[in-house]
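Below: upload_33.pdb (PDB, C-alpha atoms)
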ATOM      1  CA  ALA A   1       0.000   0.000   0.000
ATOM      2  CA  LEU A   2       2.850   2.356   0.867
ATOM      3  CA  ALA A   3       4.601   1.618  -2.432
ATOM      4  CA  ALA A   4       1.364   2.246  -4.334
ATOM      5  CA  SER A   5       0.823   5.547  -2.511
ATOM      6  CA  VAL A   6       4.357   6.722  -3.276
ATOM      7  CA  ALA A   7       3.966   5.771  -6.940
ATOM      8  CA  THR A   8       0.639   7.598  -7.169
ATOM      9  CA  ALA A   9       2.082  10.706  -5.533
ATOM     10  CA  GLY A  10       5.029  10.632  -7.918
ATOM     11  CA  THR A  11       2.736  10.307 -10.912
ATOM     12  CA  LEU A  12       0.591  13.230  -9.760
ATOM     13  CA  ALA A  13       3.671  15.369  -9.153
ATOM     14  CA  ALA A  14       5.063  14.622 -12.603
ATOM     15  CA  TYR A  15       1.821  14.887 -14.545
ATOM     16  CA  GLU A  16       1.077  18.258 -16.103
ATOM     17  CA  PHE A  17      -2.692  18.653 -16.013
ATOM     18  CA  ALA A  18      -4.129  20.014 -19.246
ATOM     19  CA  PRO A  19      -4.772  23.781 -19.132
ATOM     20  CA  LEU A  20      -8.421  24.803 -19.028
ATOM     21  CA  VAL A  21      -8.766  26.238 -22.545
ATOM     22  CA  GLU A  22     -10.942  25.386 -25.533
ATOM     23  CA  HIS A  23      -8.936  24.325 -28.550
ATOM     24  CA  GLY A  24     -10.083  25.749 -31.861
ATOM     25  CA  LYS A  25     -11.338  28.944 -30.242
ATOM     26  CA  LEU A  26      -9.775  32.351 -29.633
ATOM     27  CA  GLU A  27     -10.326  33.498 -26.067
ATOM     28  CA  LEU A  28      -9.570  36.919 -24.643
ATOM     29  CA  THR A  29     -10.019  37.429 -20.901
ATOM     30  CA  VAL A  30      -9.404  40.658 -18.999
ATOM     31  CA  VAL A  31      -7.947  40.014 -15.552
ATOM     32  CA  ASP A  32      -9.154  42.464 -12.900
ATOM     33  CA  VAL A  33      -5.999  44.222 -11.718
ATOM     34  CA  GLY A  34      -7.696  47.497 -10.823
ATOM     35  CA  GLN A  35      -5.628  50.338 -12.269
ATOM     36  CA  GLY A  36      -3.885  49.348 -15.504
ATOM     37  CA  ASP A  37      -4.342  46.237 -17.621
ATOM     38  CA  SER A  38      -3.718  42.516 -17.834
ATOM     39  CA  VAL A  39      -5.209  40.526 -20.720
ATOM     40  CA  PHE A  40      -4.945  36.756 -21.178
ATOM     41  CA  VAL A  41      -5.241  35.408 -24.731
ATOM     42  CA  SER A  42      -5.675  31.729 -25.559
ATOM     43  CA  PHE A  43      -5.138  31.008 -29.253
ATOM     44  CA  PRO A  44      -6.970  28.339 -31.291
ATOM     45  CA  ASP A  45      -3.985  25.967 -31.387
ATOM     46  CA  GLY A  46      -3.403  26.209 -27.627
ATOM     47  CA  LYS A  47      -0.681  28.877 -27.516
ATOM     48  CA  ARG A  48      -1.113  31.334 -24.670
ATOM     49  CA  MET A  49      -0.193  35.008 -24.329
ATOM     50  CA  LEU A  50      -0.376  37.465 -21.463
ATOM     51  CA  MET A  51      -0.509  41.148 -22.394
ATOM     52  CA  ASP A  52       0.584  43.280 -19.415
ATOM     53  CA  GLY A  53       0.542  42.312 -15.765
ATOM     54  CA  GLY A  54      -0.954  45.272 -13.962
ATOM     55  CA  GLY A  55       0.949  47.027 -11.213
ATOM     56  CA  LEU A  56       0.510  49.749  -8.626
ATOM     57  CA  LEU A  57       1.582  53.296  -9.365
ATOM     58  CA  SER A  58       4.029  54.590  -6.750
ATOM     59  CA  PHE A  59       3.658  58.263  -7.781
ATOM     60  CA  ASN A  60       7.377  58.735  -7.025
ATOM     61  CA  ARG A  61       6.952  57.693  -3.397
ATOM     62  CA  GLN A  62      10.129  56.203  -1.945
ATOM     63  CA  ARG A  63       8.206  53.371  -0.287
ATOM     64  CA  LYS A  64       7.063  50.890  -2.924
ATOM     65  CA  PRO A  65       3.625  49.177  -2.712
ATOM     66  CA  GLN A  66       3.673  45.897  -0.791
ATOM     67  CA  ILE A  67       1.452  44.083  -3.314
ATOM     68  CA  ASP A  68       2.942  42.564  -6.448
ATOM     69  CA  THR A  69      -0.006  42.497  -8.849
ATOM     70  CA  GLY A  70       1.634  39.892 -11.064
ATOM     71  CA  GLN A  71       2.411  37.506  -8.242
ATOM     72  CA  ASP A  72      -0.631  38.175  -6.060
ATOM     73  CA  VAL A  73      -3.417  38.686  -8.632
ATOM     74  CA  VAL A  74      -2.570  37.523 -12.164
ATOM     75  CA  ALA A  75      -0.565  34.377 -11.324
ATOM     76  CA  PRO A  76      -3.295  32.911  -9.052
ATOM     77  CA  TYR A  77      -5.828  33.409 -11.848
ATOM     78  CA  LEU A  78      -3.612  31.573 -14.340
ATOM     79  CA  TRP A  79      -3.065  28.768 -11.840
ATOM     80  CA  THR A  80      -6.842  28.269 -11.545
ATOM     81  CA  ARG A  81      -6.702  27.689 -15.312
ATOM     82  CA  ARG A  82      -3.898  25.094 -14.818
ATOM     83  CA  MET A  83      -1.319  27.205 -16.616
ATOM     84  CA  PRO A  84       2.214  26.028 -15.794
ATOM     85  CA  ARG A  85       3.619  28.465 -18.365
ATOM     86  CA  VAL A  86       2.645  30.831 -21.165
ATOM     87  CA  ASP A  87       4.226  31.169 -24.590
ATOM     88  CA  VAL A  88       4.408  34.964 -24.785
ATOM     89  CA  ILE A  89       4.358  37.752 -22.230
ATOM     90  CA  ALA A  90       3.836  41.108 -23.916
ATOM     91  CA  SER A  91       4.393  44.563 -22.461
ATOM     92  CA  SER A  92       2.303  47.314 -24.013
ATOM     93  CA  HIS A  93       4.478  50.054 -22.481
ATOM     94  CA  ALA A  94       6.651  50.560 -19.434
ATOM     95  CA  HIS A  95       4.284  52.383 -17.079
ATOM     96  CA  GLU A  96       4.040  50.678 -13.697
ATOM     97  CA  ASP A  97       0.288  49.985 -13.923
ATOM     98  CA  HIS A  98       0.842  47.819 -17.024
ATOM     99  CA  THR A  99       4.345  46.412 -16.599
ATOM    100  CA  GLY A 100       4.980  46.496 -12.842
ATOM    101  CA  GLY A 101       3.626  42.963 -12.395
ATOM    102  CA  LEU A 102       5.548  41.452 -15.312
ATOM    103  CA  PRO A 103       8.943  40.595 -13.733
ATOM    104  CA  SER A 104       7.394  38.142 -11.266
ATOM    105  CA  LEU A 105       5.143  36.684 -13.985
ATOM    106  CA  ILE A 106       8.147  36.145 -16.251
ATOM    107  CA  ASP A 107       9.990  34.410 -13.416
ATOM    108  CA  VAL A 108       7.044  32.131 -12.637
ATOM    109  CA  PHE A 109       5.711  31.278 -16.113
ATOM    110  CA  SER A 110       8.979  31.209 -18.122
ATOM    111  CA  PRO A 111       7.620  32.514 -21.449
ATOM    112  CA  ARG A 112       9.344  31.568 -24.680
ATOM    113  CA  GLU A 113       9.372  35.227 -25.813
ATOM    114  CA  ILE A 114       8.831  38.758 -24.495
ATOM    115  CA  TRP A 115       7.059  41.153 -26.899
ATOM    116  CA  THR A 116       7.104  44.925 -26.690
ATOM    117  CA  GLY A 117       6.911  48.126 -28.695
ATOM    118  CA  ALA A 118       9.260  51.051 -28.008
ATOM    119  CA  ASN A 119      10.559  51.569 -24.483
ATOM    120  CA  PRO A 120      13.167  53.962 -23.106
ATOM    121  CA  VAL A 121      15.450  52.839 -20.292
ATOM    122  CA  SER A 122      13.603  53.032 -16.983
ATOM    123  CA  GLU A 123      13.548  51.226 -13.650
ATOM    124  CA  THR A 124      10.358  49.379 -14.581
ATOM    125  CA  TRP A 125      11.605  48.252 -17.995
ATOM    126  CA  THR A 126      15.030  47.286 -16.630
ATOM    127  CA  ALA A 127      13.277  44.920 -14.194
ATOM    128  CA  VAL A 128      11.458  43.272 -17.122
ATOM    129  CA  ILE A 129      14.701  42.855 -19.072
ATOM    130  CA  GLY A 130      16.368  41.342 -16.016
ATOM    131  CA  ALA A 131      13.583  38.785 -15.608
ATOM    132  CA  ALA A 132      13.742  37.928 -19.320
ATOM    133  CA  GLU A 133      17.466  37.272 -18.992
ATOM    134  CA  ARG A 134      16.930  35.014 -15.973
ATOM    135  CA  VAL A 135      14.559  32.727 -17.906
ATOM    136  CA  LYS A 136      16.498  33.129 -21.175
ATOM    137  CA  ALA A 137      13.510  34.562 -23.051
ATOM    138  CA  PRO A 138      14.396  36.711 -26.090
ATOM    139  CA  VAL A 139      12.853  40.189 -26.218
ATOM    140  CA  ARG A 140      11.226  41.095 -29.553
ATOM    141  CA  SER A 141      10.527  44.755 -30.319
ATOM    142  CA  PHE A 142       7.815  45.279 -32.946
ATOM    143  CA  ARG A 143       6.839  48.188 -35.183
ATOM    144  CA  ALA A 144       3.739  48.972 -37.242
ATOM    145  CA  GLY A 145       3.338  47.086 -40.499
ATOM    146  CA  GLU A 146       4.372  43.645 -39.268
ATOM    147  CA  ARG A 147       1.744  40.949 -39.809
ATOM    148  CA  PHE A 148       2.173  37.249 -39.104
ATOM    149  CA  PRO A 149       0.251  34.061 -38.287
ATOM    150  CA  TYR A 150       0.347  33.031 -34.660
ATOM    151  CA  GLY A 151      -1.417  30.249 -32.798
ATOM    152  CA  GLY A 152      -4.017  29.661 -35.493
ATOM    153  CA  ALA A 153      -4.893  33.364 -35.650
ATOM    154  CA  THR A 154      -3.272  36.393 -37.317
ATOM    155  CA  ILE A 155      -1.567  39.253 -35.509
ATOM    156  CA  GLU A 156      -0.914  42.659 -37.043
ATOM    157  CA  ILE A 157       1.152  45.357 -35.351
ATOM    158  CA  LEU A 158      -0.539  48.762 -35.678
ATOM    159  CA  SER A 159       1.735  50.844 -33.447
ATOM    160  CA  PRO A 160       4.309  52.180 -32.606
ATOM    161  CA  PRO A 161       5.168  53.494 -36.097
ATOM    162  CA  GLU A 162       8.416  52.467 -37.780
ATOM    163  CA  ASP A 163       9.894  55.959 -37.327
ATOM    164  CA  TYR A 164       8.835  56.304 -33.684
ATOM    165  CA  GLU A 165      11.529  57.275 -31.179
ATOM    166  CA  PRO A 166      10.638  57.023 -27.475
ATOM    167  CA  ALA A 167      11.252  59.921 -25.127
ATOM    168  CA  ARG A 168      13.610  59.728 -22.146
ATOM    169  CA  THR A 169      10.832  58.460 -19.891
ATOM    170  CA  PRO A 170       7.983  56.004 -20.661
ATOM    171  CA  LYS A 171       4.952  57.499 -22.422
ATOM    172  CA  ASN A 172       1.504  56.188 -23.343
ATOM    173  CA  ASN A 173       2.282  56.477 -27.045
ATOM    174  CA  ASP A 174       5.108  53.928 -26.669
ATOM    175  CA  SER A 175       2.320  51.344 -26.591
ATOM    176  CA  LEU A 176       2.485  48.129 -28.577
ATOM    177  CA  VAL A 177      -0.882  47.931 -30.368
ATOM    178  CA  LEU A 178      -2.012  44.499 -31.573
ATOM    179  CA  LEU A 179      -4.828  43.560 -33.935
ATOM    180  CA  ILE A 180      -5.693  39.885 -33.425
ATOM    181  CA  GLU A 181      -7.887  38.249 -36.084
ATOM    182  CA  HIS A 182      -9.522  34.844 -36.079
ATOM    183  CA  GLY A 183     -12.110  34.052 -38.721
ATOM    184  CA  GLN A 184     -14.385  37.077 -38.920
ATOM    185  CA  THR A 185     -13.587  38.332 -35.410
ATOM    186  CA  ARG A 186     -11.080  41.070 -34.629
ATOM    187  CA  PHE A 187      -9.752  42.148 -31.244
ATOM    188  CA  LEU A 188      -7.801  45.396 -30.791
ATOM    189  CA  LEU A 189      -5.369  45.603 -27.862
ATOM    190  CA  SER A 190      -4.396  49.257 -27.706
ATOM    191  CA  GLY A 191      -2.408  49.728 -24.514
ATOM    192  CA  ASP A 192      -2.667  53.388 -23.494
ATOM    193  CA  MET A 193      -2.055  54.988 -26.900
ATOM    194  CA  GLU A 194      -3.324  58.549 -27.118
ATOM    195  CA  ARG A 195      -5.000  60.626 -29.807
ATOM    196  CA  GLU A 196      -1.884  61.203 -31.909
ATOM    197  CA  MET A 197      -1.301  57.479 -32.437
ATOM    198  CA  GLU A 198      -5.004  56.758 -32.831
ATOM    199  CA  TRP A 199      -5.201  59.210 -35.738
ATOM    200  CA  ARG A 200      -2.017  57.863 -37.323
ATOM    201  CA  ILE A 201      -3.549  54.388 -37.366
ATOM    202  CA  VAL A 202      -6.872  55.641 -38.753
ATOM    203  CA  GLU A 203      -5.171  57.707 -41.450
ATOM    204  CA  SER A 204      -2.948  54.791 -42.454
ATOM    205  CA  GLY A 205      -6.016  52.924 -43.699
ATOM    206  CA  ARG A 206      -4.905  49.727 -41.950
ATOM    207  CA  LEU A 207      -7.697  49.685 -39.401
ATOM    208  CA  PRO A 208     -10.595  47.356 -40.397
ATOM    209  CA  LYS A 209     -13.892  46.927 -38.583
ATOM    210  CA  ILE A 210     -13.158  45.989 -34.969
ATOM    211  CA  ASP A 211     -15.443  43.697 -32.971
ATOM    212  CA  VAL A 212     -13.872  44.172 -29.524
TER     213      VAL A 212
END
Show me this structure written as structure tokens.
Amino acid sequence: ALAASVATAGTLAAYEFAPLVEHGKLELTVVDVGQGDSVFVSFPDGKRMLMDGGGLLSFNRQRKPQIDTGQDVVAPYLWTRRMPRVDVIASSHAHEDHTGGLPSLIDVFSPREIWTGANPVSETWTAVIGAAERVKAPVRSFRAGERFPYGGATIEILSPPEDYEPARTPKNNDSLVLLIEHGQTRFLLSGDMEREMEWRIVESGRLPKIDV
């Protein structure tokens, strides 16, 4: 009986339970992180992406918040979905309320790639780069005009523009903007882009009818 119990325990420890996702469907779920964003995307072929990880704004206070939104909010949600890892963690831009939770999420879920747009050097972004190096995940920086199949869907990069140069500190218009298409359905993930970038996308003629 003891031998059987040990064998069963070993099997359970080694077995990776299947993630709770529906194959053949594109799912987009917004995780409630309060201020900021965190969006989980499950692709039709089973690939998984997390766009942003929330975070608490410190407003330049010397004492940092005691809650890590990635570790304390987003990770527990993914664990309820039986997610041992994700394929991509994307950072829209390097403001704390979007990217502050990403370093711990990168450490825990060991993504194969980190995606981003245009980010200047900052404390928040440096922490993301450090986590990416720890798990040996390459960082891919995208610009508008790139379009590629991914996970049984299609992703098009709408912003930042090819000629965009970030300022010395993170700005909303640094945002990586993704158009995700599957069948006749289109999702737009826009980060915090502001009016200038919105109009550049509209005037480019690349923006089709958006469902969500």
Margin query: I'd like to know which of A:Asn173, A:Thr99, A:Phe40, A:Lys47 is closest to A:Thr69, using only C-alpha atoms.
Written below: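 Smallest separation from A:Thr69 among the options: A:Thr99.
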Checklist line | Å distance separating atom CA of A:Ala90 from atom CA of A:Asp174, one decimal place | finding: 13.2 Å
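Using all atoms listed in the file, the residues found no farther than 8 Å from A:Ala137, other than those of its own chain fewer than 4 positions away, are Ser110, Pro111, Arg112, Glu113, Ile114, Ala132 and Glu133 of chain A.
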Next item on the list: Rank A:Ile210, A:Met197, A:Val86, A:Leu188 by their smallest atom-to-atom distance to A:Leu28, using all atoms listed in the file, and report the top residue only.
Entry: A:Leu188
Margin query: Suppose a student applies the PyMOL selection byres ((chain A and resi 151) around 6) to this structure; what residues should they get, written as a list in words?
Written below: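 In the shown coordinates, the PyMOL selection byres ((chain A and resi 151) around 6) covers Phe43, Asp45, Lys47, Tyr150, Gly152 and Ala153 of chain A.
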Next item on the list: Find the residues around A:Asp68 up to 10 Å (all atoms listed in the file counted), leave out those fewer than 5 positions away in its own chain, and share them as a list in words.
Entry: Gly53, Gly54, Gly55, Leu56, Val73, Val74, Gly100, Gly101, Leu102, Pro103, Ser104 and Leu105 of chain A
Keeping only C-alpha atoms, write those residues as a tab-separated table (two decimals), in the coordinates of the input.
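The result, stored in out_21.tsv:
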chain	number	residue	atom	x	y	z
A	53	GLY	CA	0.54	42.31	-15.76
A	54	GLY	CA	-0.95	45.27	-13.96
A	55	GLY	CA	0.95	47.03	-11.21
A	56	LEU	CA	0.51	49.75	-8.63
A	73	VAL	CA	-3.42	38.69	-8.63
A	74	VAL	CA	-2.57	37.52	-12.16
A	100	GLY	CA	4.98	46.50	-12.84
A	101	GLY	CA	3.63	42.96	-12.40
A	102	LEU	CA	5.55	41.45	-15.31
A	103	PRO	CA	8.94	40.60	-13.73
A	104	SER	CA	7.39	38.14	-11.27
A	105	LEU	CA	5.14	36.68	-13.98
On this structure, which residues satisfy the PyMOL selection byres ((chain A and resi 190) around 9), written as a short mmCIF file (atom, residue, chain, number, x, y, z; two decimals) with C-alpha atoms, keeping the file's coordinate frame?
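Result file follows (part34.cif):
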data_model
loop_
_atom_site.label_atom_id
_atom_site.label_comp_id
_atom_site.auth_asym_id
_atom_site.auth_seq_id
_atom_site.Cartn_x
_atom_site.Cartn_y
_atom_site.Cartn_z
CA SER A 92 2.30 47.31 -24.01
CA LEU A 158 -0.54 48.76 -35.68
CA SER A 159 1.74 50.84 -33.45
CA SER A 175 2.32 51.34 -26.59
CA LEU A 176 2.48 48.13 -28.58
CA VAL A 177 -0.88 47.93 -30.37
CA LEU A 178 -2.01 44.50 -31.57
CA LEU A 179 -4.83 43.56 -33.94
CA LEU A 188 -7.80 45.40 -30.79
CA LEU A 189 -5.37 45.60 -27.86
CA GLY A 191 -2.41 49.73 -24.51
CA ASP A 192 -2.67 53.39 -23.49
CA MET A 193 -2.06 54.99 -26.90
#
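The interatomic distance for the pair atom CA of A:Arg81 and atom CA of A:Val21 works out to 7.7 Å.
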Test item: axis-aligned box, all listed atoms of stretch 65-69 of chain A, 4 Å on each side, centre and edges in Å rounded to one decimal, as lines of an AutoDock Vina configuration file:
center_x = 1.8
center_y = 45.8
center_z = -4.8
size_x = 11.7
size_y = 14.7
size_z = 16.1
Note to self: Which residues are close to A:Thr154, i.e. within 7 Å by all atoms listed in the file, leaving aside same-chain residues fewer than 4 positions away? Reply as a ChimeraX atom specification.
What the structure shows: /A:148-150,180-182
For C-alpha atoms, I'd like the residues from the last selection saved as a tab-separated table (two decimals), keeping the file's coordinate frame.
chain	number	residue	atom	x	y	z
A	148	PHE	CA	2.17	37.25	-39.10
A	149	PRO	CA	0.25	34.06	-38.29
A	150	TYR	CA	0.35	33.03	-34.66
A	180	ILE	CA	-5.69	39.88	-33.42
A	181	GLU	CA	-7.89	38.25	-36.08
A	182	HIS	CA	-9.52	34.84	-36.08
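In this model, the gap between atom CA of A:Pro44 and atom CA of A:Leu20 comes to 12.8 Å.
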Notebook entry, point to check: Quick one: of A:Gln184, A:Thr124, A:Thr169, A:Ser91, who's nearest to A:Phe142, counting only C-alpha atoms?
Noted result: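 Closest to A:Phe142 of all the choices is A:Ser91.
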Next item on the list: Choose the residue, out of A:Gly34, A:Gly70, A:Pro138, A:Pro76, that has the smallest atom-to-atom separation from A:Asp107; count only C-alpha atoms.
Entry: A:Gly70
